[in-house]
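Text of the file input-v3.txt, holding compact mmCIF, C-alpha atoms:
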# COMPACT_ATOMS: atom_id res chain seq x y z
CA MET A 1 101.26 28.44 -62.06
CA HIS A 2 103.60 30.57 -60.02
CA LYS A 3 106.01 28.94 -57.66
CA GLU A 4 106.70 29.64 -54.02
CA LEU A 5 110.18 31.00 -53.41
CA THR A 6 112.33 31.43 -50.36
CA THR A 7 114.05 34.79 -50.01
CA GLU A 8 117.32 33.23 -51.15
CA GLN A 9 115.66 31.72 -54.24
CA LEU A 10 113.97 35.01 -55.08
CA SER A 11 117.23 36.91 -54.68
CA ALA A 12 119.01 34.47 -57.02
CA ALA A 13 116.18 34.67 -59.58
CA LEU A 14 116.20 38.48 -59.56
CA ASP A 15 119.99 38.57 -59.93
CA ARG A 16 119.75 36.17 -62.91
CA ILE A 17 116.97 38.18 -64.60
CA LEU A 18 118.72 41.52 -64.15
CA ALA A 19 122.08 40.14 -65.32
CA PHE A 20 120.42 38.90 -68.51
CA ARG A 21 118.47 42.12 -69.09
CA CYS A 22 121.34 44.48 -68.30
CA ASP A 23 124.34 42.67 -69.79
CA GLY A 24 126.41 45.24 -71.69
CA VAL A 25 123.95 48.10 -71.10
CA ASP A 26 125.21 51.52 -70.03
CA PRO A 27 122.28 52.91 -67.98
CA ALA A 28 123.54 56.48 -68.48
CA GLU A 29 122.93 56.11 -72.25
CA LEU A 30 119.50 56.20 -73.87
CA ASN A 31 117.91 52.76 -73.48
CA LEU A 32 114.71 51.25 -72.14
CA ARG A 33 116.15 48.41 -70.10
CA PHE A 34 116.19 50.32 -66.78
CA CYS A 35 118.86 48.36 -64.96
CA PRO A 36 118.13 48.56 -61.25
CA THR A 37 119.86 46.97 -58.33
CA VAL A 38 117.99 44.85 -55.82
CA GLU A 39 117.81 46.61 -52.45
CA SER A 40 115.90 43.81 -50.75
CA CYS A 41 113.48 41.00 -51.42
CA ASP A 42 111.31 38.61 -49.48
CA GLY A 43 110.15 35.35 -51.04
CA PRO A 44 107.30 34.47 -48.68
CA SER A 45 105.70 37.93 -48.97
CA ARG A 46 106.38 37.96 -52.76
CA SER A 47 107.95 41.42 -52.62
CA ALA A 48 111.10 43.29 -53.59
CA VAL A 49 112.61 46.76 -53.52
CA PHE A 50 114.62 47.95 -56.54
CA ARG A 51 116.96 50.96 -56.72
CA PHE A 52 117.06 53.06 -59.90
CA HIS A 53 118.98 56.17 -60.89
CA THR A 54 117.23 58.89 -62.90
CA TYR A 55 119.47 60.20 -65.68
CA ARG A 56 119.42 63.46 -67.68
CA TRP A 57 118.19 61.63 -70.79
CA MET A 58 114.97 60.85 -68.87
CA ALA A 59 114.00 64.54 -68.65
CA ASN A 60 110.75 66.14 -69.71
CA PRO A 61 110.67 69.82 -70.85
CA MET A 62 110.31 70.95 -67.21
CA GLY A 63 113.59 69.30 -66.18
CA LEU A 64 111.96 66.48 -64.21
CA THR A 65 111.74 62.77 -64.94
CA HIS A 66 109.25 62.25 -67.77
CA GLY A 67 106.00 60.56 -66.68
CA GLY A 68 106.37 57.92 -69.36
CA ILE A 69 109.78 57.00 -67.95
CA VAL A 70 108.33 56.84 -64.42
CA SER A 71 105.61 54.52 -65.68
CA ALA A 72 108.12 52.39 -67.61
CA ILE A 73 110.34 52.02 -64.51
CA LEU A 74 107.32 50.92 -62.47
CA ASP A 75 106.28 48.47 -65.20
CA ALA A 76 109.81 47.07 -65.45
CA SER A 77 109.87 46.57 -61.68
CA MET A 78 106.55 44.75 -61.55
CA GLY A 79 107.43 42.69 -64.63
CA THR A 80 110.80 41.66 -63.19
CA LEU A 81 109.24 40.42 -59.97
CA CYS A 82 106.51 38.62 -61.90
CA VAL A 83 109.07 36.85 -64.12
CA ALA A 84 110.91 35.70 -60.98
CA PHE A 85 107.81 33.80 -59.87
CA TYR A 86 106.80 32.40 -63.29
CA ASP A 87 110.16 31.71 -65.00
CA VAL A 88 108.88 33.13 -68.32
CA MET A 89 108.11 36.56 -69.71
CA THR A 90 104.77 37.83 -68.44
CA PRO A 91 103.55 40.63 -70.73
CA THR A 92 101.67 43.58 -69.28
CA ILE A 93 97.92 43.45 -69.88
CA THR A 94 97.00 46.71 -68.19
CA MET A 95 98.57 49.21 -65.86
CA THR A 96 97.32 52.27 -63.99
CA THR A 97 99.82 54.82 -62.69
CA ASN A 98 99.15 57.65 -60.28
CA TYR A 99 101.67 60.49 -60.23
CA CYS A 100 101.87 61.91 -56.71
CA ARG A 101 104.90 64.22 -56.84
CA PRO A 102 107.60 65.15 -59.37
CA VAL A 103 110.45 62.66 -59.70
CA PRO A 104 113.79 64.52 -59.64
CA LEU A 105 116.54 63.88 -62.17
CA ASP A 106 120.03 62.70 -61.26
CA SER A 107 118.75 61.04 -58.12
CA GLU A 108 118.23 57.62 -56.64
CA VAL A 109 114.69 56.32 -56.34
CA LEU A 110 113.38 53.11 -54.81
CA VAL A 111 110.49 51.03 -56.11
CA ARG A 112 108.71 48.72 -53.70
CA VAL A 113 106.87 45.93 -55.59
CA ARG A 114 104.62 43.11 -54.46
CA VAL A 115 102.57 40.37 -56.02
CA SER A 116 98.94 41.08 -55.03
CA TYR A 117 97.27 38.06 -56.66
CA THR A 118 98.12 35.10 -58.86
CA GLY A 119 95.51 33.23 -60.84
CA GLY A 120 95.21 30.91 -63.80
CA THR A 121 95.53 33.61 -66.47
CA ASN A 122 97.07 36.62 -64.77
CA ALA A 123 99.10 38.01 -61.93
CA GLN A 124 98.21 41.31 -60.31
CA MET A 125 101.04 43.49 -59.07
CA ALA A 126 101.39 46.76 -57.13
CA ALA A 127 104.32 49.15 -56.81
CA GLU A 128 105.27 52.53 -55.44
CA MET A 129 108.22 54.77 -56.17
CA TYR A 130 109.78 56.91 -53.45
CA LEU A 131 112.98 58.69 -52.46
CA PRO A 132 115.25 56.66 -50.15
CA ASP A 133 114.88 59.12 -47.27
CA GLN A 134 111.09 59.41 -47.72
CA PRO A 135 109.71 55.84 -47.80
CA ASP A 136 106.22 56.88 -46.69
CA ASP A 137 105.81 59.71 -49.22
CA PRO A 138 105.33 58.15 -52.68
CA LEU A 139 106.38 59.85 -55.89
CA ALA A 140 104.12 57.52 -57.91
CA THR A 141 102.01 54.43 -57.34
CA THR A 142 100.79 51.83 -59.78
CA SER A 143 98.98 48.57 -60.21
CA GLY A 144 99.33 46.20 -63.12
CA VAL A 145 97.97 42.96 -64.50
CA TYR A 146 100.39 40.55 -66.22
CA TYR A 147 99.51 37.71 -68.59
CA THR A 148 100.32 34.25 -67.23
CA ALA A 149 97.94 31.90 -69.08
CA HIS A 150 100.79 30.77 -71.36
CA VAL A 151 102.88 29.50 -68.43
CA LYS A 152 101.30 26.00 -68.35
CA HIS A 153 102.06 25.53 -72.03
CA GLN A 154 105.67 26.66 -71.69
CA GLN A 155 106.35 24.42 -68.68
CA ASN A 156 104.99 21.20 -70.27

Rewritten as structure tokens:
Amino acid sequence: MHKELTTEQLSAALDRILAFRCDGVDPAELNLRFCPTVESCDGPSRSAVFRFHTYRWMANPMGLTHGGIVSAILDASMGTLCVAFYDVMTPTITMTTNYCRPVPLDSEVLVRVRVSYTGGTNAQMAAEMYLPDQPDDPLATTSGVYYTAHVKHQQN
């Protein structure tokens, strides 16, 4: 079962998760850890905003951020928030991504994430990626379902 978190508790949990995931990683080098910074979070609304940088190694042949990378960043964002509420890894069951506009390279992007639903076997998440100066004009949107049935067994 997920836990309720204050904003301070959520902020500390996200900092702990990202420190573990990003320890010793150079985000400018090829890797799939996607080390964001936390822009903001709110425990009671079960939401967070992460900041990512898009690097040259993320390019597709057209010189934009590859769609698979966009999807992976969105997945990493939803997964990170989900882990903060469950204290264990919560594998992705399914995810649907909608690509609204091209994501530029060598730029900052923000990902707004929220927990939509928590149940006995899964958590449903939603996220949207946007440029910092265009918060109402998404680059991509997604929804995902994360496996949580194992949480009871791990916490006993």

* For the atom pair CA of Thr90 (chain A) and CA of Pro132 (chain A), what is the interatomic distance in Å to one decimal place? -> 28.3 Å

* Extract, using only C-alpha atoms, all DNA, RNA and protein residues at most 7 Å from region 135-141 of chain A, discarding same-chain residues fewer than 2 positions from it, and format them as a ChimeraX atom specification. => /A:97-103,127-133

* Excluding Tyr86 (chain A) and residues on its chain fewer than 2 positions from it, collect all residues at most 8 Å away from it, counting all atoms listed in the file, and give them as a list in words. => Met1, His2, Lys3, Cys82, Val83, Ala84, Val88, Met89, Thr90, Thr148 and Val151 of chain A

* Asked: Within 9 Å of region 44-58 of chain A, counting all atoms listed in the file, which residues qualify if same-chain residues fewer than 6 places away don't, as a ChimeraX atom specification?
  -> /A:4-7,10-11,27-30,34-38,64-66,69-70,73,77,81,85,103-116,132

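Distance-wise, CA of Met95 (chain A) and CA of Thr80 (chain A) end up 14.6 Å apart.
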
* Asked: To one decimal place, how far is CA of Ala13 (chain A) from CA of Gly67 (chain A) in Å?
  -> 28.7 Å

* To do: Measuring atom to atom with all atoms listed in the file, identify which of A:Asn31, A:Gly79, A:Met125, A:Ser71 is nearest to Leu18 (chain A).
  => A:Gly79

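Among the candidates A:Val145, A:Leu32, A:His150, A:Gly43, the one nearest to Leu14 (chain A) when counting all atoms listed in the file is A:Gly43.
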
Model the absent atoms of region 132-155 of chain A so that N, CA and C atoms are present, and write the result as a PDB file, in the coordinates of the input.
ATOM      1  N   PRO A 132     114.745  57.508 -51.236  1.00  0.00           N
ATOM      2  CA  PRO A 132     115.250  56.660 -50.150  1.00  0.00           C
ATOM      3  C   PRO A 132     115.021  57.214 -48.750  1.00  0.00           C
ATOM      4  N   ASP A 133     115.073  58.529 -48.601  1.00  0.00           N
ATOM      5  CA  ASP A 133     114.880  59.120 -47.270  1.00  0.00           C
ATOM      6  C   ASP A 133     113.426  59.483 -46.981  1.00  0.00           C
ATOM      7  N   GLN A 134     112.505  59.117 -47.903  1.00  0.00           N
ATOM      8  CA  GLN A 134     111.090  59.410 -47.720  1.00  0.00           C
ATOM      9  C   GLN A 134     110.227  58.201 -48.100  1.00  0.00           C
ATOM     10  N   PRO A 135     110.393  57.074 -47.395  1.00  0.00           N
ATOM     11  CA  PRO A 135     109.710  55.840 -47.800  1.00  0.00           C
ATOM     12  C   PRO A 135     108.187  55.874 -47.657  1.00  0.00           C
ATOM     13  N   ASP A 136     107.670  56.807 -46.889  1.00  0.00           N
ATOM     14  CA  ASP A 136     106.220  56.880 -46.690  1.00  0.00           C
ATOM     15  C   ASP A 136     105.573  57.998 -47.490  1.00  0.00           C
ATOM     16  N   ASP A 137     106.317  58.596 -48.420  1.00  0.00           N
ATOM     17  CA  ASP A 137     105.810  59.710 -49.220  1.00  0.00           C
ATOM     18  C   ASP A 137     106.023  59.379 -50.701  1.00  0.00           C
ATOM     19  N   PRO A 138     105.100  58.635 -51.316  1.00  0.00           N
ATOM     20  CA  PRO A 138     105.330  58.150 -52.680  1.00  0.00           C
ATOM     21  C   PRO A 138     105.428  59.248 -53.724  1.00  0.00           C
ATOM     22  N   LEU A 139     106.278  59.000 -54.703  1.00  0.00           N
ATOM     23  CA  LEU A 139     106.380  59.850 -55.890  1.00  0.00           C
ATOM     24  C   LEU A 139     105.329  59.408 -56.907  1.00  0.00           C
ATOM     25  N   ALA A 140     105.116  58.091 -56.994  1.00  0.00           N
ATOM     26  CA  ALA A 140     104.120  57.520 -57.910  1.00  0.00           C
ATOM     27  C   ALA A 140     103.720  56.148 -57.380  1.00  0.00           C
ATOM     28  N   THR A 141     102.501  55.767 -57.683  1.00  0.00           N
ATOM     29  CA  THR A 141     102.010  54.430 -57.340  1.00  0.00           C
ATOM     30  C   THR A 141     101.401  53.809 -58.587  1.00  0.00           C
ATOM     31  N   THR A 142     101.351  52.496 -58.616  1.00  0.00           N
ATOM     32  CA  THR A 142     100.790  51.830 -59.780  1.00  0.00           C
ATOM     33  C   THR A 142     100.272  50.449 -59.422  1.00  0.00           C
ATOM     34  N   SER A 143      99.399  49.967 -60.273  1.00  0.00           N
ATOM     35  CA  SER A 143      98.980  48.570 -60.210  1.00  0.00           C
ATOM     36  C   SER A 143      98.985  48.044 -61.640  1.00  0.00           C
ATOM     37  N   GLY A 144      99.262  46.776 -61.779  1.00  0.00           N
ATOM     38  CA  GLY A 144      99.330  46.200 -63.120  1.00  0.00           C
ATOM     39  C   GLY A 144      98.859  44.759 -63.128  1.00  0.00           C
ATOM     40  N   VAL A 145      98.390  44.337 -64.283  1.00  0.00           N
ATOM     41  CA  VAL A 145      97.970  42.960 -64.500  1.00  0.00           C
ATOM     42  C   VAL A 145      98.884  42.387 -65.584  1.00  0.00           C
ATOM     43  N   TYR A 146      99.427  41.195 -65.331  1.00  0.00           N
ATOM     44  CA  TYR A 146     100.390  40.550 -66.220  1.00  0.00           C
ATOM     45  C   TYR A 146      99.855  39.204 -66.677  1.00  0.00           C
ATOM     46  N   TYR A 147     100.039  38.906 -67.959  1.00  0.00           N
ATOM     47  CA  TYR A 147      99.510  37.710 -68.590  1.00  0.00           C
ATOM     48  C   TYR A 147     100.312  36.480 -68.199  1.00  0.00           C
ATOM     49  N   THR A 148      99.633  35.473 -67.649  1.00  0.00           N
ATOM     50  CA  THR A 148     100.320  34.250 -67.230  1.00  0.00           C
ATOM     51  C   THR A 148      99.679  32.981 -67.769  1.00  0.00           C
ATOM     52  N   ALA A 149      98.636  33.083 -68.588  1.00  0.00           N
ATOM     53  CA  ALA A 149      97.940  31.900 -69.080  1.00  0.00           C
ATOM     54  C   ALA A 149      98.858  30.991 -69.892  1.00  0.00           C
ATOM     55  N   HIS A 150      99.879  31.546 -70.525  1.00  0.00           N
ATOM     56  CA  HIS A 150     100.790  30.770 -71.360  1.00  0.00           C
ATOM     57  C   HIS A 150     101.792  29.946 -70.547  1.00  0.00           C
ATOM     58  N   VAL A 151     101.865  30.156 -69.252  1.00  0.00           N
ATOM     59  CA  VAL A 151     102.880  29.500 -68.430  1.00  0.00           C
ATOM     60  C   VAL A 151     102.733  27.987 -68.451  1.00  0.00           C
ATOM     61  N   LYS A 152     101.516  27.448 -68.337  1.00  0.00           N
ATOM     62  CA  LYS A 152     101.300  26.000 -68.350  1.00  0.00           C
ATOM     63  C   LYS A 152     101.853  25.386 -69.631  1.00  0.00           C
ATOM     64  N   HIS A 153     101.603  26.060 -70.752  1.00  0.00           N
ATOM     65  CA  HIS A 153     102.060  25.530 -72.030  1.00  0.00           C
ATOM     66  C   HIS A 153     103.578  25.538 -72.142  1.00  0.00           C
ATOM     67  N   GLN A 154     104.218  26.559 -71.589  1.00  0.00           N
ATOM     68  CA  GLN A 154     105.670  26.660 -71.690  1.00  0.00           C
ATOM     69  C   GLN A 154     106.360  25.677 -70.752  1.00  0.00           C
ATOM     70  N   GLN A 155     105.708  25.300 -69.649  1.00  0.00           N
ATOM     71  CA  GLN A 155     106.350  24.420 -68.680  1.00  0.00           C
ATOM     72  C   GLN A 155     106.109  22.947 -68.983  1.00  0.00           C
TER      73      GLN A 155
END
